[in-house]
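> Handing you this structure, nothing more for now.
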Amino acid sequence: MFDSRPNRDAEVVLIGRSNVGKSTLMREITGHSKFATGGSPGVTTKPNHYDWTSEDFVITDLPGFGFMSGTPKDVREDIKRNIVQYLEEYADNILVGILVVDGKAAVDIIDRHSGDDEIPHDVEMFGFLQELDIPAVVAVNKMDKVDDRDERLDDLAERLGLYPPWQQFDHILAPISAKRGTIQPLNDAVRHHLHEQKRDDLFKFF
Ligand code: GDP
């Protein structure tokens, strides 16, 4: 189990497969709040915590799950198990769970892994957040690479059990491009959930 968590009351977590742009997004979010990040290149198997003591608030970038070239299967399974345990343990503290996906690739990956005895990671994690009553936002990243935007987003919505049109779920589905710094839909969606929990004081981070 990950044991690096600072003891903070409120938390927002980022989860997602590796290479979806989680670190890029994290830099974008924390950069917006003028927080100097260390940055740790390479495959990360431990969470990165961005900690604001005075606010009693932490944003956690959990390690990427799913296939990573050069990472053996048992290590990947350990990581996923640790992520699940982490979410279970801190569910009461986590105000929003941001599931980051690659907007260009997500639907194809989901479809490739949908079978009788297989649930795709992203679908599983989305469902798991709901099971734990953690408000979920899906940051659909790399939208700069997507041409058929509405069609893609409808397909993804459908795979997640959200009946299209996707625009009905703009507090859940946030099309963004972390690399280009266009993340307003994500900020809006996160704020929606913070507001519902009477935590407008944390708007300054999003
Ligand atoms: P992580 O493994 O999820 O932390 O992913 P990274 O943040 O390291 O990004 C993986 C790759 O995706 C890098 O080459 C990034 O430059 C690229 N990337 C991240 N965000 C975007 C985006 O919004 N658009 C595009 N086109 N590429 C992105």
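In the structure tokens, the first chain shown is A, the next is B, and so on; residue numbers restart at 1 for each chain, and ligands run from 1 in the order shown.
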Please identify all protein, DNA and RNA residues within 8 Å of ligand 1, counting only C-alpha atoms and all ligand atoms, and report them as a short mmCIF file (atom, residue, chain, number, x, y, z; two decimals) with N, CA and C atoms, in the first residue's frame.

data_model
loop_
_atom_site.label_atom_id
_atom_site.label_comp_id
_atom_site.auth_asym_id
_atom_site.auth_seq_id
_atom_site.Cartn_x
_atom_site.Cartn_y
_atom_site.Cartn_z
N GLY A 16 -5.39 7.24 -13.87
CA GLY A 16 -5.48 7.00 -15.31
C GLY A 16 -4.41 6.04 -15.78
N ARG A 17 -4.61 5.52 -16.95
CA ARG A 17 -3.61 4.64 -17.56
C ARG A 17 -2.33 5.44 -17.77
N SER A 18 -1.23 4.72 -17.95
CA SER A 18 0.01 5.45 -18.19
C SER A 18 -0.01 6.05 -19.59
N ASN A 19 0.65 7.17 -19.71
CA ASN A 19 0.80 7.87 -20.99
C ASN A 19 -0.43 8.65 -21.47
N VAL A 20 -1.42 8.81 -20.61
CA VAL A 20 -2.61 9.57 -21.02
C VAL A 20 -2.40 11.08 -20.89
N GLY A 21 -1.30 11.45 -20.20
CA GLY A 21 -1.02 12.88 -20.02
C GLY A 21 -1.28 13.36 -18.60
N LYS A 22 -1.23 12.43 -17.65
CA LYS A 22 -1.52 12.76 -16.26
C LYS A 22 -0.50 13.75 -15.68
N SER A 23 0.79 13.50 -15.95
CA SER A 23 1.80 14.42 -15.40
C SER A 23 1.69 15.79 -16.03
N THR A 24 1.42 15.82 -17.33
CA THR A 24 1.26 17.10 -18.02
C THR A 24 0.09 17.87 -17.40
N LEU A 25 -0.99 17.17 -17.15
CA LEU A 25 -2.17 17.80 -16.56
C LEU A 25 -1.89 18.27 -15.13
N MET A 26 -1.17 17.44 -14.41
CA MET A 26 -0.83 17.81 -13.02
C MET A 26 -0.02 19.10 -13.00
N PRO A 41 10.60 12.24 -13.80
CA PRO A 41 10.47 11.57 -15.08
C PRO A 41 10.53 10.05 -14.94
N VAL A 43 8.83 6.00 -15.32
CA VAL A 43 7.66 5.31 -14.81
C VAL A 43 7.56 5.50 -13.31
N GLY A 64 0.26 5.56 -12.90
CA GLY A 64 -0.50 5.08 -14.04
C GLY A 64 -0.70 3.58 -13.96
N VAL A 100 -8.28 10.37 -15.87
CA VAL A 100 -7.75 10.95 -17.10
C VAL A 100 -7.69 9.86 -18.17
N ASN A 141 -8.47 13.77 -22.35
CA ASN A 141 -7.30 14.57 -22.74
C ASN A 141 -6.92 14.35 -24.21
N LYS A 142 -5.98 15.14 -24.68
CA LYS A 142 -5.44 15.07 -26.05
C LYS A 142 -6.51 15.35 -27.10
N MET A 143 -7.51 16.16 -26.76
CA MET A 143 -8.57 16.46 -27.71
C MET A 143 -8.06 17.22 -28.93
N ASP A 144 -6.85 17.80 -28.82
CA ASP A 144 -6.24 18.46 -29.99
C ASP A 144 -5.96 17.47 -31.11
N LYS A 145 -5.93 16.17 -30.79
CA LYS A 145 -5.68 15.16 -31.82
C LYS A 145 -6.96 14.55 -32.39
N ILE A 176 -10.37 18.09 -22.84
CA ILE A 176 -9.29 19.05 -22.59
C ILE A 176 -8.07 18.75 -23.45
N SER A 177 -7.14 19.66 -23.46
CA SER A 177 -5.80 19.38 -23.99
C SER A 177 -4.80 19.93 -22.98
N ALA A 178 -4.27 19.03 -22.17
CA ALA A 178 -3.35 19.44 -21.10
C ALA A 178 -2.12 20.10 -21.69
N LYS A 179 -1.65 19.54 -22.80
CA LYS A 179 -0.43 20.03 -23.42
C LYS A 179 -0.59 21.47 -23.92
N ARG A 180 -1.77 21.78 -24.41
CA ARG A 180 -2.02 23.13 -24.90
C ARG A 180 -2.49 24.07 -23.80
N GLY A 181 -2.73 23.50 -22.63
CA GLY A 181 -3.18 24.33 -21.51
C GLY A 181 -4.65 24.69 -21.58
#
> Within 9 Å of Arg8 of chain A, counting only C-alpha atoms, which residues show up once you throw out same-chain ones fewer than 4 positions away? Write them as a count of residues only, please.
8
> Rank A:Glu151, A:Ile94, A:Val84, A:Ile134 by their smallest atom-to-atom distance to His121 of chain A, using only C-alpha atoms, and report the top residue only.
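Counting only C-alpha atoms, the residue closest to His121 of chain A is A:Val84.
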> Taking the DSSP assignment computed from this structure's backbone, write out as a PyMOL selection string all residues of segment 7-204 of chain A that belong to helix (DSSP H, G or I).
chain A and resi 22-32+53-55+73-90+106-112+121-131+143-145+149-159+166-169+184-196+200-204
> If you run DSSP on this backbone, which residues of segment 3-202 of chain A come out as strand (DSSP E), and could you give them as a VMD selection string?
chain A and resid 10 to 16 48 to 52 57 to 61 94 to 102 136 to 141 173 to 175
> Within 9 Å of Asp150 of chain A, counting only C-alpha atoms, which residues show up once you throw out same-chain ones fewer than 5 positions away? Write them as a count of residues only, please.
4
> Give me, please, the distance in Å between atom CA of Ile83 of chain A and atom CA of Gln168 of chain A, quoted to one decimal.
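Interatomic distance, atom CA of Ile83 of chain A to atom CA of Gln168 of chain A: 29.2 Å.
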> My list of candidates is A:Lys198, A:Glu28, A:Gly127, A:Lys46. Which is closest to Val75 of chain A when distances are computed with only C-alpha atoms?
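With only C-alpha atoms as the atom set, the closest residue is A:Lys46.
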> From the list A:Val146, A:Leu160, A:Thr182, A:Met68, which residue is nearest Val123 of chain A when using only C-alpha atoms?
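The closest residue to Val123 of chain A is A:Leu160.
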> Please identify all polymer residues within 9 Å of Arg191 of chain A, counting only C-alpha atoms, omitting same-chain residues fewer than 5 positions from it, and present them as a ChimeraX atom specification.
/A:171,186,196,199-200,202-203,206
> Counting only C-alpha atoms, what is within 12 Å of Leu132 of chain A, bar same-chain residues fewer than 6 positions away, as number ranges by chain?
A: 84-97, 125-126
> I'd like the contact shell of Ala139 of chain A - 9 Å cut-off, only C-alpha atoms, skipping same-chain residues fewer than 6 positions apart - returned as a list in words.
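Near neighbours after the sequence-gap exclusion: Ile98, Leu99, Val100, Val101, Asp102, Gly103, Ile172, Leu173, Ala174, Pro175, Ile176, Ile183, Pro185 and Leu186 of chain A.
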> Next, write the just-selected residues to a file, as a short mmCIF file (atom, residue, chain, number, x, y, z; two decimals), in the first residue's frame, keeping N, CA and C atoms as the atom set.

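So the final result, stored in out_19.cif, reads:
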data_model
loop_
_atom_site.label_atom_id
_atom_site.label_comp_id
_atom_site.auth_asym_id
_atom_site.auth_seq_id
_atom_site.Cartn_x
_atom_site.Cartn_y
_atom_site.Cartn_z
N ILE A 98 -10.44 12.45 -10.44
CA ILE A 98 -10.31 12.79 -11.86
C ILE A 98 -9.71 11.59 -12.59
N LEU A 99 -10.52 10.97 -13.45
CA LEU A 99 -10.03 9.87 -14.27
C LEU A 99 -9.58 10.45 -15.60
N VAL A 100 -8.28 10.37 -15.87
CA VAL A 100 -7.75 10.95 -17.10
C VAL A 100 -7.69 9.86 -18.17
N VAL A 101 -8.24 10.15 -19.35
CA VAL A 101 -8.16 9.20 -20.47
C VAL A 101 -7.63 9.92 -21.71
N ASP A 102 -7.13 9.13 -22.64
CA ASP A 102 -6.65 9.66 -23.92
C ASP A 102 -7.85 9.70 -24.87
N GLY A 103 -8.29 10.90 -25.21
CA GLY A 103 -9.49 11.07 -26.01
C GLY A 103 -9.41 10.40 -27.37
N ILE A 172 -19.31 15.74 -15.79
CA ILE A 172 -18.58 14.47 -15.67
C ILE A 172 -17.52 14.34 -16.77
N LEU A 173 -17.91 14.67 -18.00
CA LEU A 173 -16.97 14.54 -19.13
C LEU A 173 -16.38 15.89 -19.47
N ALA A 174 -15.06 15.99 -19.36
CA ALA A 174 -14.39 17.27 -19.60
C ALA A 174 -13.34 17.12 -20.70
N PRO A 175 -13.69 17.50 -21.94
CA PRO A 175 -12.71 17.42 -23.03
C PRO A 175 -11.64 18.51 -22.89
N ILE A 176 -10.37 18.09 -22.84
CA ILE A 176 -9.29 19.05 -22.59
C ILE A 176 -8.07 18.75 -23.45
N ILE A 183 -7.74 23.61 -20.28
CA ILE A 183 -8.33 22.69 -19.32
C ILE A 183 -9.55 23.29 -18.60
N PRO A 185 -12.78 23.20 -19.22
CA PRO A 185 -13.91 22.30 -18.94
C PRO A 185 -13.67 21.42 -17.70
N LEU A 186 -12.41 21.05 -17.49
CA LEU A 186 -12.09 20.26 -16.30
C LEU A 186 -12.25 21.09 -15.04
#
> Rounded to one decimal, what separation in Å do you get between atom CA of Phe2 of chain A and atom CA of Thr45 of chain A?
9.3 Å
> Could you please determine the separation between atom CA of Asn187 of chain A and atom CA of Leu62 of chain A in Å, to one decimal place?
18.9 Å
